[in-house]
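This is model.txt (compact mmCIF, C-alpha atoms).
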# COMPACT_ATOMS: atom_id res chain seq x y z
CA MET A 805 -6.45 -15.65 -21.02
CA LYS A 806 -9.50 -16.87 -19.18
CA LYS A 807 -12.86 -15.44 -20.16
CA GLY A 808 -15.75 -14.96 -17.76
CA ILE A 809 -18.89 -17.05 -17.90
CA VAL A 810 -20.57 -14.34 -15.87
CA ALA A 811 -20.05 -10.74 -16.92
CA ALA A 812 -16.88 -9.68 -15.14
CA LEU A 813 -17.70 -5.99 -15.32
CA SER A 814 -20.41 -6.23 -12.70
CA VAL A 815 -18.02 -7.89 -10.30
CA LEU A 816 -15.36 -5.25 -10.86
CA PHE A 817 -17.83 -2.54 -9.99
CA LEU A 818 -18.62 -4.27 -6.74
CA LEU A 819 -14.98 -4.51 -5.75
CA GLY A 820 -14.86 -0.75 -5.40
CA GLY A 821 -17.14 -0.76 -2.37
CA CYS A 822 -20.26 0.78 -3.90
CA ALA A 823 -21.84 1.67 -7.21
CA PRO A 824 -19.48 3.26 -9.75
CA THR A 825 -19.71 6.95 -10.52
CA PHE A 826 -20.12 8.09 -14.13
CA GLU A 827 -19.65 11.71 -15.09
CA LYS A 828 -18.83 13.63 -18.22
CA GLN A 829 -15.22 13.07 -19.24
CA ASP A 830 -13.22 16.31 -18.93
CA GLN A 831 -10.24 17.50 -20.92
CA VAL A 832 -8.12 19.80 -18.81
CA VAL A 833 -4.81 21.62 -18.99
CA GLN A 834 -2.21 20.85 -16.36
CA GLU A 835 -0.43 24.00 -15.28
CA ASN A 836 3.36 24.06 -15.63
CA LYS A 837 6.14 26.47 -16.51
CA SER A 838 5.06 26.83 -20.14
CA ASP A 839 2.29 29.21 -21.06
CA GLU A 840 0.30 26.53 -22.86
CA GLY A 841 0.53 23.81 -20.20
CA GLU A 842 -0.03 20.13 -20.85
CA LYS A 843 -3.36 18.71 -21.95
CA ALA A 844 -4.74 15.84 -19.87
CA ILE A 845 -7.96 13.90 -19.46
CA ILE A 846 -9.92 13.24 -16.29
CA PRO A 847 -11.76 9.90 -16.77
CA SER A 848 -15.53 9.90 -16.43
CA PHE A 849 -15.48 6.62 -14.50
CA GLN A 850 -14.73 6.38 -10.80
CA ILE A 851 -14.93 2.94 -9.19
CA SER A 852 -16.01 4.38 -5.84
CA GLU A 853 -15.26 7.14 -3.38
CA ASP A 854 -12.49 4.91 -1.98
CA TYR A 855 -10.37 5.41 -5.10
CA TYR A 856 -8.90 8.44 -6.84
CA LYS A 857 -9.47 9.21 -10.48
CA THR A 858 -6.19 9.06 -12.39
CA MET A 859 -5.01 11.66 -14.88
CA LEU A 860 -4.57 10.47 -18.47
CA PRO A 861 -2.37 9.81 -20.32
CA TYR A 862 -0.86 7.86 -17.43
CA GLU A 863 2.71 8.91 -16.63
CA THR A 864 4.90 6.53 -14.63
CA SER A 865 7.36 7.69 -12.00
CA GLU A 866 11.09 7.50 -12.68
CA THR A 867 11.43 5.55 -9.42
CA ARG A 868 9.06 2.76 -10.50
CA GLY A 869 10.69 -0.62 -9.88
CA VAL A 870 12.97 0.64 -7.12
CA VAL A 871 10.36 -0.46 -4.58
CA VAL A 872 10.76 -4.12 -5.59
CA ASN A 873 14.45 -4.04 -4.73
CA ASP A 874 14.23 -2.20 -1.43
CA LEU A 875 11.23 -3.71 0.36
CA GLY A 876 11.94 -6.71 2.57
CA SER A 877 8.68 -8.62 2.06
CA ARG A 878 6.88 -9.14 -1.25
CA TYR A 879 3.63 -8.43 0.59
CA ASP A 880 4.82 -4.86 1.24
CA ILE A 881 5.12 -4.04 -2.46
CA ASN A 882 1.38 -3.56 -3.04
CA GLU A 883 0.49 -2.46 0.48
CA ILE A 884 2.77 0.55 0.59
CA GLU A 885 1.16 1.89 -2.60
CA THR A 886 -2.49 1.19 -1.77
CA GLY A 887 -2.03 1.98 1.90
CA LEU A 888 -0.49 5.35 1.05
CA MET A 889 -3.63 6.20 -0.93
CA ARG A 890 -5.76 5.40 2.14
CA VAL A 891 -3.63 7.66 4.33
CA ALA A 892 -3.66 10.43 1.70
CA GLN A 893 -7.45 10.62 1.92
CA ASN A 894 -7.10 12.16 5.38
CA GLN A 895 -5.84 15.30 3.66
CA PHE A 896 -6.84 14.98 -0.01
CA PRO A 897 -10.46 13.78 -0.54
CA THR A 898 -11.09 11.58 -3.57
CA ASP A 899 -13.92 13.82 -4.81
CA GLU A 900 -11.64 16.87 -4.99
CA TYR A 901 -8.22 15.50 -6.01
CA PHE A 902 -6.82 13.36 -8.81
CA PHE A 903 -3.94 10.91 -8.55
CA LYS A 904 -0.67 11.07 -10.42
CA GLU A 905 2.54 9.15 -9.84
CA GLY A 906 5.34 11.14 -8.26
CA LYS A 907 7.47 13.29 -10.54
CA TYR A 908 9.64 15.32 -8.15
CA LEU A 909 11.93 12.53 -6.94
CA ASP A 910 13.95 10.66 -9.55
CA LYS A 911 15.76 7.35 -9.10
CA GLU A 912 19.13 8.96 -8.50
CA THR A 913 17.71 11.16 -5.75
CA VAL A 914 15.91 8.30 -4.03
CA ASP A 915 18.99 6.08 -4.18
CA SER A 916 21.16 8.82 -2.68
CA TRP A 917 18.70 9.55 0.13
CA LEU A 918 18.58 5.85 1.08
CA GLN A 919 22.32 5.80 1.78
CA ARG A 920 23.98 6.42 5.13
CA LYS A 921 25.50 9.72 6.17
CA TYR A 922 29.27 9.45 6.11
CA THR A 923 32.06 10.85 8.25
CA SER A 924 34.79 12.98 6.69
CA LYS A 925 37.12 9.99 6.68
CA GLN A 926 34.50 7.76 5.06
CA LEU A 927 33.84 10.38 2.39
CA LYS A 928 37.55 10.53 1.64
CA ASP A 929 37.80 6.74 1.44
CA LYS A 930 34.81 6.60 -0.90
CA LYS A 931 36.12 9.55 -2.94
CA MET A 932 32.87 11.42 -2.42
CA LYS A 933 32.19 15.13 -2.11
CA GLU A 934 30.44 16.64 0.89
CA SER A 935 27.63 17.72 -1.46
CA GLU A 936 27.01 14.04 -2.16
CA ASN A 937 26.72 13.22 1.54
CA ILE A 938 22.91 13.35 1.61
CA GLY A 939 21.95 9.92 2.93
CA LEU A 940 19.13 9.89 5.45
CA ASN A 941 20.27 6.78 7.30
CA PRO A 942 22.57 7.39 10.30
CA VAL A 943 26.35 7.29 10.25
CA GLN A 944 27.96 3.97 11.09
CA GLU A 945 31.42 4.25 12.59
CA ASP A 946 33.92 1.42 12.23
CA GLY A 947 33.02 -1.45 14.53
CA GLU A 948 29.44 -0.24 15.09
CA THR A 949 26.19 -1.89 13.93
CA GLU A 950 23.89 1.07 13.39
CA PRO A 951 20.58 -0.02 11.77
CA ILE A 952 19.51 0.95 8.30
CA TYR A 953 16.15 2.48 9.19
CA LEU A 954 14.99 3.88 5.87
CA ALA A 955 14.46 1.21 3.20
CA HIS A 956 12.51 3.09 0.56
CA LEU A 957 10.56 6.24 -0.36
CA VAL A 958 7.34 6.39 -2.35
CA GLU A 959 5.98 9.62 -3.84
CA HIS A 960 2.41 10.32 -4.90
CA ASN A 961 1.13 13.59 -6.38
CA TYR A 962 -2.44 14.87 -6.05
CA LEU A 963 -3.88 17.40 -8.47
CA MET A 964 -6.94 19.63 -8.16
CA LYS A 965 -9.09 21.52 -10.67
CA THR A 966 -8.91 25.28 -10.89
CA GLU A 967 -10.81 27.80 -12.99
CA GLY A 968 -10.81 27.51 -16.75
CA ASP A 969 -10.55 23.72 -17.02
CA LYS A 970 -7.09 23.66 -15.54
CA VAL A 971 -5.52 21.44 -12.91
CA ARG A 972 -2.59 22.20 -10.64
CA LEU A 973 -0.64 20.41 -7.96
CA GLY A 974 -2.71 20.18 -4.79
CA GLY A 975 -0.21 18.29 -2.67
CA VAL A 976 2.59 15.75 -2.45
CA VAL A 977 2.50 12.61 -0.32
CA ILE A 978 5.69 10.78 0.65
CA ALA A 979 5.88 7.38 2.32
CA LEU A 980 8.99 6.62 4.35
CA SER A 981 9.27 2.84 4.49
CA LEU A 982 11.15 1.83 7.65
CA ASN A 983 12.76 -1.47 8.56
CA SER A 984 11.23 -3.16 11.59
CA VAL A 985 14.21 -5.49 12.10
CA GLN A 986 17.96 -5.24 11.86
CA TYR A 987 19.86 -8.07 10.20
CA GLU A 988 23.44 -8.65 11.33
CA THR A 989 25.86 -11.16 9.82
CA ASN A 990 28.86 -12.52 11.72
CA MET A 991 31.72 -12.13 9.25
CA SER A 992 33.71 -15.05 10.68
CA SER A 993 30.93 -17.62 11.11
CA GLY A 994 28.46 -16.33 8.50
CA ALA A 995 25.61 -16.67 10.99
CA ARG A 996 22.86 -14.08 10.73
CA THR A 997 21.04 -12.62 13.71
CA VAL A 998 17.82 -10.65 13.68
CA LYS A 999 17.11 -7.83 16.13
CA ASN A 1000 13.73 -6.11 16.38
CA ILE A 1001 13.64 -2.32 16.20
CA SER A 1002 11.20 -0.91 18.75
CA ASN A 1003 8.18 1.10 17.62
CA ASP A 1004 9.36 4.13 19.62
CA GLU A 1005 12.79 4.04 18.00
CA LEU A 1006 11.24 3.61 14.57
CA LYS A 1007 8.89 6.55 15.04
CA GLN A 1008 11.64 8.78 16.42
CA GLN A 1009 13.91 8.06 13.46
CA GLY A 1010 11.06 8.43 10.97
CA MET A 1011 10.01 11.80 12.36
CA LYS A 1012 13.60 13.04 12.22
CA MET A 1013 13.93 11.97 8.58
CA ALA A 1014 10.55 13.48 7.71
CA GLU A 1015 11.73 16.93 8.83
CA GLU A 1016 14.74 16.72 6.53
CA VAL A 1017 12.66 15.41 3.60
CA VAL A 1018 10.25 18.36 3.86
CA LYS A 1019 13.13 20.86 3.89
CA ARG A 1020 14.66 19.26 0.79
CA LEU A 1021 11.37 19.13 -1.08
CA ARG A 1022 10.77 22.83 -0.41
CA GLN A 1023 13.90 23.58 -2.42
CA LYS A 1024 12.45 21.98 -5.56
CA ASP A 1025 10.65 24.02 -8.21
CA GLY A 1026 6.90 23.82 -7.78
CA LEU A 1027 7.00 22.62 -4.16
CA LYS A 1028 7.72 25.84 -2.28
CA ASN A 1029 4.07 26.28 -1.29
CA ALA A 1030 2.33 22.94 -1.88
CA PRO A 1031 1.10 20.92 1.13
CA ILE A 1032 3.44 17.98 1.84
CA MET A 1033 2.25 14.90 3.70
CA ILE A 1034 4.78 12.47 5.15
CA ALA A 1035 3.53 9.00 6.16
CA LEU A 1036 5.59 6.47 8.14
CA TYR A 1037 5.37 2.81 7.13
CA LYS A 1038 6.64 -0.12 9.19
CA GLN A 1039 7.90 -2.87 6.91
CA ALA A 1040 7.21 -6.50 7.68
CA PRO A 1041 10.21 -8.82 8.25
CA LYS A 1042 11.26 -10.81 5.19
CA ASP A 1043 9.71 -14.06 6.41
CA GLU A 1044 6.29 -12.58 7.24
CA ARG A 1045 3.21 -13.68 5.29
CA VAL A 1046 1.35 -10.41 5.83
CA PRO A 1047 2.46 -6.88 4.91
CA GLY A 1048 3.53 -4.11 7.22
CA HIS A 1049 1.42 -1.04 7.95
CA PHE A 1050 1.37 2.74 8.17
CA PHE A 1051 1.50 3.99 11.74
CA ALA A 1052 1.75 7.81 11.60
CA TYR A 1053 1.48 10.80 9.28
CA SER A 1054 1.84 14.56 9.36
CA VAL A 1055 1.32 17.46 6.97
CA ALA A 1056 3.46 20.51 6.34
CA GLY A 1057 1.00 23.14 5.14
CA ASN A 1058 1.46 25.67 2.35
CA GLY A 1059 5.00 27.02 2.51
CA GLU A 1060 5.82 25.36 5.85
CA ASP A 1061 9.23 23.69 6.01
CA SER A 1062 8.70 21.92 9.34
CA ILE A 1063 6.22 19.44 10.76
CA GLN A 1064 4.37 20.30 13.97
CA ASP A 1065 1.69 17.69 14.52
CA TRP A 1066 1.81 13.90 14.04
CA LYS A 1067 -1.32 11.75 13.88
CA ASP A 1068 -1.44 8.04 14.57
CA VAL A 1069 -2.65 5.54 11.97
CA ASN A 1070 -4.17 2.46 13.59
CA GLU A 1071 -3.89 -0.25 10.94
CA SER A 1072 -2.87 -3.89 11.20
CA HIS A 1073 -2.88 -7.03 9.05
CA TYR A 1074 -3.57 -10.57 10.23
CA LEU A 1075 -3.18 -13.97 8.64
CA PHE A 1076 -6.02 -16.46 9.02
CA PRO A 1077 -5.44 -19.05 10.41
CA SER A 1078 -2.81 -17.91 12.92
CA PRO A 1079 -2.53 -17.72 16.73
CA GLU A 1080 -2.18 -13.93 16.46
CA ALA A 1081 -5.52 -13.57 14.65
CA ALA A 1082 -7.24 -15.96 17.07
CA ASP A 1083 -6.02 -13.96 20.09
CA ALA A 1084 -6.61 -10.46 18.72
CA HIS A 1085 -9.95 -11.03 16.96
CA PRO A 1086 -11.64 -14.16 18.38
CA ASN A 1087 -15.11 -13.40 16.96
CA ASP A 1088 -13.81 -13.00 13.41
CA TYR A 1089 -11.65 -16.06 13.86
CA LYS A 1090 -14.72 -18.06 14.90
CA VAL A 1091 -16.46 -17.08 11.65
CA PHE A 1092 -13.38 -18.11 9.69
CA LYS A 1093 -13.15 -21.45 11.52
CA THR A 1094 -16.84 -22.22 10.93
CA LEU A 1095 -16.49 -21.46 7.22
CA LYS A 1096 -13.31 -23.54 7.02
CA ASP A 1097 -14.93 -26.54 8.73
CA ASP A 1098 -17.95 -26.37 6.44
CA VAL A 1099 -15.74 -26.35 3.36
CA GLU A 1100 -13.77 -29.34 4.62
CA ASP A 1101 -16.96 -31.32 5.18
CA TYR A 1102 -18.12 -30.66 1.62
CA PHE A 1103 -14.79 -30.92 -0.24
CA PRO A 1104 -12.21 -32.83 1.84
CA VAL A 1105 -9.71 -32.82 -1.06
CA TYR A 1106 -9.20 -29.04 -1.18
CA THR A 1107 -5.84 -27.80 0.10
CA GLY A 1108 -6.99 -25.18 2.57
CA LEU A 1109 -8.74 -21.90 3.24
CA THR A 1110 -6.53 -18.94 4.15
CA GLY A 1111 -7.31 -15.29 4.66
CA GLN A 1112 -5.59 -11.94 5.00
CA ALA A 1113 -7.46 -9.27 6.94
CA LEU A 1114 -6.96 -5.52 7.23
CA TYR A 1115 -8.10 -3.87 10.45
CA GLU A 1116 -8.55 -0.12 10.84
CA ASP A 1117 -9.02 1.19 14.38
CA ASP A 1118 -9.32 -2.47 15.47
CA LYS A 1119 -12.32 -3.01 13.20
CA LEU A 1120 -12.30 -5.33 10.20
CA ALA A 1121 -11.99 -3.22 7.04
CA LYS A 1122 -11.64 -6.04 4.50
CA MET A 1123 -11.00 -9.76 4.33
CA ASP A 1124 -9.41 -11.52 1.35
CA PHE A 1125 -9.81 -15.31 1.34
CA GLU A 1126 -8.12 -17.79 -0.95
CA VAL A 1127 -8.88 -21.46 -1.57
CA ALA A 1128 -6.48 -23.66 -3.53
CA LEU A 1129 -7.98 -26.60 -5.43
CA THR A 1130 -6.31 -29.95 -5.98
CA PHE A 1131 -9.01 -31.36 -8.25
CA GLU A 1132 -9.71 -30.46 -11.86
CA GLY A 1133 -12.91 -30.07 -13.83
CA LYS A 1134 -15.12 -27.09 -14.50
CA THR A 1135 -18.23 -28.71 -13.04
CA GLU A 1136 -16.44 -29.31 -9.74
CA THR A 1137 -15.28 -25.70 -9.71
CA ILE A 1138 -18.81 -24.43 -10.30
CA GLY A 1139 -20.24 -26.71 -7.61
CA PHE A 1140 -17.53 -25.70 -5.17
CA ALA A 1141 -18.07 -21.98 -5.85
CA GLN A 1142 -21.84 -22.31 -5.40
CA HIS A 1143 -21.37 -24.09 -2.08
CA LEU A 1144 -18.88 -21.50 -0.85
CA ALA A 1145 -21.22 -18.66 -1.82
CA SER A 1146 -24.05 -20.23 0.17
CA MET A 1147 -21.77 -20.79 3.18
CA ILE A 1148 -20.61 -17.17 3.05
CA THR A 1149 -24.23 -15.98 2.98
CA LYS A 1150 -24.96 -18.23 5.94
CA HIS A 1151 -21.95 -17.59 8.19
CA VAL A 1152 -20.30 -14.28 7.27
CA PRO A 1153 -21.65 -11.18 9.09
CA GLU A 1154 -23.34 -8.49 7.05
CA GLY A 1155 -20.71 -5.96 8.12
CA TRP A 1156 -17.87 -7.83 6.43
CA ASP A 1157 -16.36 -6.58 3.18
CA MET A 1158 -14.74 -9.64 1.63
CA LYS A 1159 -13.73 -11.48 -1.49
CA LEU A 1160 -12.74 -15.09 -1.97
CA THR A 1161 -10.57 -16.37 -4.80
CA ILE A 1162 -10.64 -20.02 -5.82
CA SER A 1163 -7.42 -20.95 -7.60
CA SER A 1164 -5.65 -23.98 -9.03
CA SER A 1165 -2.25 -24.65 -10.55
CA ASP A 1166 -3.61 -23.05 -13.74
CA GLY A 1167 -4.47 -19.76 -11.99
CA PRO A 1168 -7.74 -18.23 -10.72
CA GLU A 1169 -10.84 -20.37 -11.24
CA ALA A 1170 -13.59 -18.37 -9.52
CA LEU A 1171 -14.19 -15.18 -7.57
CA ILE A 1172 -16.81 -14.62 -4.88
CA VAL A 1173 -17.53 -11.11 -3.58
CA LYS A 1174 -19.61 -9.93 -0.63
CA LYS A 1175 -19.85 -6.23 0.09
CA LYS A 1176 -20.26 -4.55 3.46
CA GLY A 1177 -23.89 -4.02 4.43
CA SER A 1178 -25.18 -6.92 2.34
CA LYS A 1179 -25.57 -10.67 2.78
CA GLU A 1180 -25.73 -11.19 -0.98
CA THR A 1181 -22.77 -12.77 -2.76
CA TYR A 1182 -21.68 -12.38 -6.39
CA VAL A 1183 -19.90 -15.22 -8.17
CA HIS A 1184 -17.68 -15.06 -11.24
CA ILE A 1185 -16.41 -18.25 -12.90
CA TYR A 1186 -13.32 -17.99 -15.12
CA GLU A 1187 -12.99 -20.05 -18.31

structure tokens encoding of this file:
Amino acid sequence: MKKGIVAALSVLFLLGGCAPTFEKQDQVVQENKSDEGEKAIIPSFQISEDYYKTMLPYETSETRGVVVNDLGSRYDINEIETGLMRVAQNQFPTDEYFFKEGKYLDKETVDSWLQRKYTSKQLKDKKMKESENIGLNPVQEDGETEPIYLAHLVEHNYLMKTEGDKVRLGGVVIALSLNSVQYETNMSSGARTVKNISNDELKQQGMKMAEEVVKRLRQKDGLKNAPIMIALYKQAPKDERVPGHFFAYSVAGNGEDSIQDWKDVNESHYLFPSPEAADAHPNDYKVFKTLKDDVEDYFPVYTGLTGQALYEDDKLAKMDFEVALTFEGKTETIGFAQHLASMITKHVPEGWDMKLTISSSDGPEALIVKKKGSKETYVHIYE
């Protein structure tokens, strides 16, 4: 494992967006059916107000790993988790709630919900009972090509402190991950066609499924009165190099088993360089191009500068750059990182929140971080 020449801890703090928060570590009791409850620890360290504190000991969800199999693009795997935390903050502030992986949906339940609904004949052919006919995807009659809309579900739980050093469930957040394209294979020729699913169709189907999900969750012990947020996520096609995005969410309040009001989420991801980024955000693209040209003038043997940007309400929220090296040698890496840091200070606007990773065939070589509201850069060299 590579060790840092510069203290890595300071860089990690900066990645959170602001100075870390230290408080007294609390031992609490999580309320449950037993009289004694379960003891848990709330960590004293919080990276920033952008992140939730996590209850300890950490308990993983039974559905962990299912997401890898169901999401179309590998870029969606991380985004659906981190993006869901961003959306959750609209209802559950990070200074009042603590994160815990979902515990109300197990793997068997998620798998069954991801199936199609079946006709009576199809149930008979599959030797299934009507009670097992709980798929959320629409029925597909013989000869039809009805899309599979729902690809995956992700559950997050948020806890809140009560009196007497206790915590209880404050709310449940569910992401419905929806396919943005429909893949069809010609059984005779083997050729595959791809059809886009419109945003209106995707939202309509997602809202319909969300209503059913809320009703089913209300039937589970412990969820009869808890607020339930449902967020709709549009998956990226399999060949995309950027992840999908959340586009809407709604909340069923305490005891409510229906959803009344949907709110839009205006998020998008862009790859730099790409024609789409150049057209949608020409000023940011100009900064990227200037930085790229400067790097090429200094180190013509590097293999390229690429970036992935997240935009919220059409404003740049964060930019992650990556540079791949073709040369070897620690002194070259240090010199390259120093030059990049100076170019970032020179060209990148103060309002950008960005990090740049320098990597080689051996893995990460250096990390450069610039936080929003500052022109200063922080460099970490790996050994």

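By all atoms listed in the file, and with residues fewer than 5 positions from segment 999-1010 of chain A along its chain excluded, the set lying at most 7 Å from it is A:Ser984, A:Val985, A:Gln986, A:Tyr987, A:Leu1036.
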
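Interatomic distance, atom CA of Ile1034 of chain A to atom CA of Val977 of chain A: 5.9 Å.
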
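Residues in contact with segment 889-902 of chain A at 6 Å, where all atoms listed in the file are counted and same-chain residues fewer than 3 positions away are skipped, are listed as A:Tyr856, A:Lys857, A:Thr858, A:Thr886, A:Tyr962, A:Leu963, A:Met964.
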
Would you save the residues of that selection, restricted to C-alpha atoms, as a PDB file, in the coordinates of the input?
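Dumped everything to again.pdb:
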ATOM      1  CA  TYR A 856      -8.900   8.440  -6.840  1.00  0.00           C
ATOM      2  CA  LYS A 857      -9.470   9.210 -10.480  1.00  0.00           C
ATOM      3  CA  THR A 858      -6.190   9.060 -12.390  1.00  0.00           C
ATOM      4  CA  THR A 886      -2.490   1.190  -1.770  1.00  0.00           C
ATOM      5  CA  TYR A 962      -2.440  14.870  -6.050  1.00  0.00           C
ATOM      6  CA  LEU A 963      -3.880  17.400  -8.470  1.00  0.00           C
ATOM      7  CA  MET A 964      -6.940  19.630  -8.160  1.00  0.00           C
TER       8      MET A 964
END

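Coordinates place atom CA of Lys1067 of chain A at a distance of 18.3 Å from atom CA of Glu1016 of chain A.
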
### Query
Skipping near chain neighbours, those fewer than 3 positions away, what residues fall within 9 Å of segment 1046-1051 of chain A using only C-alpha atoms, listed as a PyMOL selection string?
chain A and resi 877-884+887-888+891+979+981+984+1007+1035-1041+1067-1075+1112-1113

### Query
Residues at most 9 Å from Leu973 of chain A, counting only C-alpha atoms, excluding those fewer than 6 positions away in the same chain, as a list in words?
Gln834, Glu835, Asn961, Tyr962, Leu963, Met964, Lys965, Gly1026, Leu1027 and Ala1030 of chain A

Take the residues that were just selected and, keeping C-alpha atoms, output them as a compact mmCIF listing (two decimals), keeping the file's coordinate frame.
# COMPACT_ATOMS: atom_id res chain seq x y z
CA GLN A 834 -2.21 20.85 -16.36
CA GLU A 835 -0.43 24.00 -15.28
CA ASN A 961 1.13 13.59 -6.38
CA TYR A 962 -2.44 14.87 -6.05
CA LEU A 963 -3.88 17.40 -8.47
CA MET A 964 -6.94 19.63 -8.16
CA LYS A 965 -9.09 21.52 -10.67
CA GLY A 1026 6.90 23.82 -7.78
CA LEU A 1027 7.00 22.62 -4.16
CA ALA A 1030 2.33 22.94 -1.88

### Message
Report, in Å to a single decimal, how far apart atom CA of Asp1166 of chain A and atom CA of Thr1094 of chain A are.
### Response
28.0 Å

Can you check which parts of segment 972-1042 of chain A lie within 12 Å of segment 932-938 of chain A? Per residue, the shortest pair of atoms and distance in Å to one decimal, counting only C-alpha atoms, sorted by chain and number, as CSV.
residue,atom,partner,partner_atom,distance
A:Met1013,CA,A:Ile938,CA,11.5
A:Glu1016,CA,A:Ile938,CA,10.1
A:Val1017,CA,A:Ile938,CA,10.6
A:Arg1020,CA,A:Ile938,CA,10.2

#### Entry: Polymer residues at most 7 Å from segment 906-908 of chain A, all atoms listed in the file, same-chain spacing of 2 or more positions, as an NGL selection string
:A and (865 or 904 or 910 or 959-961)

Serialized selection, C-alpha atoms, as a short mmCIF file (atom, residue, chain, number, x, y, z; two decimals), in the frame of the given file:
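The resulting file, result_17.cif, is shown below:
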data_model
loop_
_atom_site.label_atom_id
_atom_site.label_comp_id
_atom_site.auth_asym_id
_atom_site.auth_seq_id
_atom_site.Cartn_x
_atom_site.Cartn_y
_atom_site.Cartn_z
CA SER A 865 7.36 7.69 -12.00
CA LYS A 904 -0.67 11.07 -10.42
CA ASP A 910 13.95 10.66 -9.55
CA GLU A 959 5.98 9.62 -3.84
CA HIS A 960 2.41 10.32 -4.90
CA ASN A 961 1.13 13.59 -6.38
#

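Candidate residues A:Val998, A:Val1127, A:Met1033, A:Val1173 were compared for distance to Gly1111 of chain A, and the nearest is A:Val1127, using all atoms listed in the file.
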